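Novice: Data: model_37.tsv, TSV, C-alpha atoms.
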chain	number	residue	atom	x	y	z
I	324	MET	CA	61.18	-123.46	-49.78
I	325	MET	CA	58.09	-124.60	-51.63
I	326	VAL	CA	57.16	-122.83	-54.84
I	327	GLU	CA	53.48	-122.70	-55.73
I	328	ASN	CA	52.32	-123.08	-59.30
I	329	VAL	CA	49.97	-120.15	-59.55
I	330	VAL	CA	47.93	-119.88	-62.72
I	331	SER	CA	46.93	-116.37	-63.69
I	332	PRO	CA	43.32	-115.53	-64.58
I	333	ASP	CA	44.40	-114.98	-68.19
I	334	GLU	CA	45.99	-118.44	-68.30
I	335	MET	CA	42.84	-120.00	-66.86
I	336	LYS	CA	40.73	-118.28	-69.53
I	337	ALA	CA	43.12	-119.40	-72.26
I	338	GLU	CA	42.88	-123.01	-71.02
I	339	PHE	CA	39.09	-122.71	-70.96
I	340	MET	CA	39.04	-121.40	-74.55
I	341	ALA	CA	41.29	-124.26	-75.64
I	342	PHE	CA	38.98	-126.74	-73.89
I	343	CYS	CA	35.94	-125.29	-75.69
I	344	ILE	CA	37.64	-125.44	-79.07
I	345	GLU	CA	38.82	-129.00	-78.45
I	346	ALA	CA	35.40	-130.18	-77.26
I	347	TYR	CA	33.62	-128.67	-80.27
I	348	LYS	CA	36.30	-130.00	-82.62
I	349	MET	CA	35.76	-133.52	-81.31
I	350	LYS	CA	31.98	-133.15	-81.58
I	351	LEU	CA	32.16	-132.11	-85.24
I	352	GLY	CA	35.22	-134.08	-86.29
I	353	VAL	CA	36.96	-131.07	-87.83
I	354	SER	CA	40.28	-129.35	-87.18
I	355	GLY	CA	40.86	-127.12	-84.20
I	356	ALA	CA	41.95	-124.34	-86.55
I	357	LYS	CA	38.57	-124.46	-88.33
I	358	VAL	CA	36.71	-124.35	-85.02
I	359	ALA	CA	38.84	-121.46	-83.71
I	360	GLU	CA	38.21	-119.50	-86.91
I	361	TYR	CA	34.48	-120.24	-86.73
I	362	PHE	CA	34.32	-119.20	-83.07
I	363	GLU	CA	36.12	-115.96	-83.94
I	364	ASP	CA	33.91	-115.23	-86.97
I	365	THR	CA	30.68	-115.77	-85.03
I	366	GLY	CA	31.69	-113.80	-81.94
I	367	LEU	CA	31.63	-116.93	-79.81
I	368	LEU	CA	35.13	-116.33	-78.43
I	369	ASP	CA	33.98	-112.99	-77.06
I	370	PHE	CA	30.83	-114.60	-75.62
I	371	LEU	CA	32.89	-117.29	-73.90
I	372	LEU	CA	35.28	-114.75	-72.40
I	373	GLU	CA	32.52	-112.38	-71.30
I	374	ASN	CA	30.67	-115.24	-69.60
I	375	TYR	CA	33.69	-117.15	-68.33
I	376	ASP	CA	32.72	-116.93	-64.66
I	377	LEU	CA	29.52	-118.87	-65.28
I	378	LEU	CA	30.47	-121.04	-68.24
I	379	HIS	CA	33.66	-122.53	-66.81
I	380	THR	CA	31.60	-124.15	-64.05
I	381	LEU	CA	29.52	-126.18	-66.52
I	382	GLY	CA	30.15	-129.75	-67.52
I	383	ARG	CA	31.27	-130.56	-71.04
I	384	GLU	CA	27.82	-131.44	-72.38
I	385	GLN	CA	26.19	-128.40	-70.81
I	386	LEU	CA	28.94	-126.20	-72.21
I	387	LEU	CA	28.50	-127.66	-75.68
I	388	GLY	CA	24.78	-126.97	-75.33
I	389	GLU	CA	25.49	-123.33	-74.50
I	390	ILE	CA	27.80	-123.09	-77.50
I	391	GLU	CA	25.15	-124.60	-79.77
I	392	ASP	CA	22.48	-122.26	-78.40
I	393	PHE	CA	24.69	-119.23	-79.03
I	394	LEU	CA	25.50	-120.33	-82.57
I	395	VAL	CA	21.86	-121.08	-83.44
I	396	LYS	CA	20.80	-117.65	-82.16
I	397	ARG	CA	23.68	-115.97	-83.99
I	398	GLU	CA	22.92	-117.70	-87.29
I	399	GLY	CA	19.24	-116.86	-86.91
I	400	LYS	CA	20.00	-113.12	-87.11
Kindly return the structure encoded in the file as structure tokens.

Specialist:
Amino acid sequence: MMVENVVSPDEMKAEFMAFCIEAYKMKLGVSGAKVAEYFEDTGLLDFLLENYDLLHTLGREQLLGEIEDFLVKREGK
């Protein structure tokens, strides 16, 4: 009997969030903990989760661009 490795939607979203944090961490050269805290403080984690269906289809550079756009708009308020 073959057992399938099924990843739940919540696990997929968690992996996506980790990918976003890691990509931004590498871009800035700071710790993942600092990026996670920054994403939480700015509301970016909520934005990423709310827009997961679209954002997870983007390439790394496009995704980083979306993150930057969100943060620039958020800081401009």

Novice: With all atoms of range 371-377 of chain I from the file as input, state the centre and edge lengths in Å to one decimal of the axis-aligned box that has 8 Å extra on each side, as lines of an AutoDock Vina configuration file.

Specialist:
center_x = 32.4
center_y = -115.6
center_z = -69.3
size_x = 21.8
size_y = 22.5
size_z = 25.2

Novice: Set the distance at 12 Å and use only C-alpha atoms: which residues neighbour range 347-351 of chain I once local chain neighbours fewer than 2 positions away are removed? I'd like the list as a ChimeraX atom specification.

Specialist: /I:340-345,353-362,367,383-384,386-391,394

Novice: For a test of reading the model, state the distance in Å between CA of Gly399 in chain I and CA of Glu363 in chain I, rounded to one decimal.

Specialist: 17.2 Å

Novice: CA of Lys336 in chain I to CA of Leu371 in chain I: how many Å, to one decimal?

Specialist: 9.0 Å

Novice: What is the CA of Glu338 in chain I to CA of His379 in chain I distance in Å?

Specialist: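 Computed distance, CA of Glu338 in chain I to CA of His379 in chain I, equals 10.1 Å.
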
Novice: Have a look at I:Gly366, I:Phe339, I:Ser331, I:Asp392 and name the one nearest to Thr380 in chain I; count all atoms listed in the file.

Specialist: I:Phe339
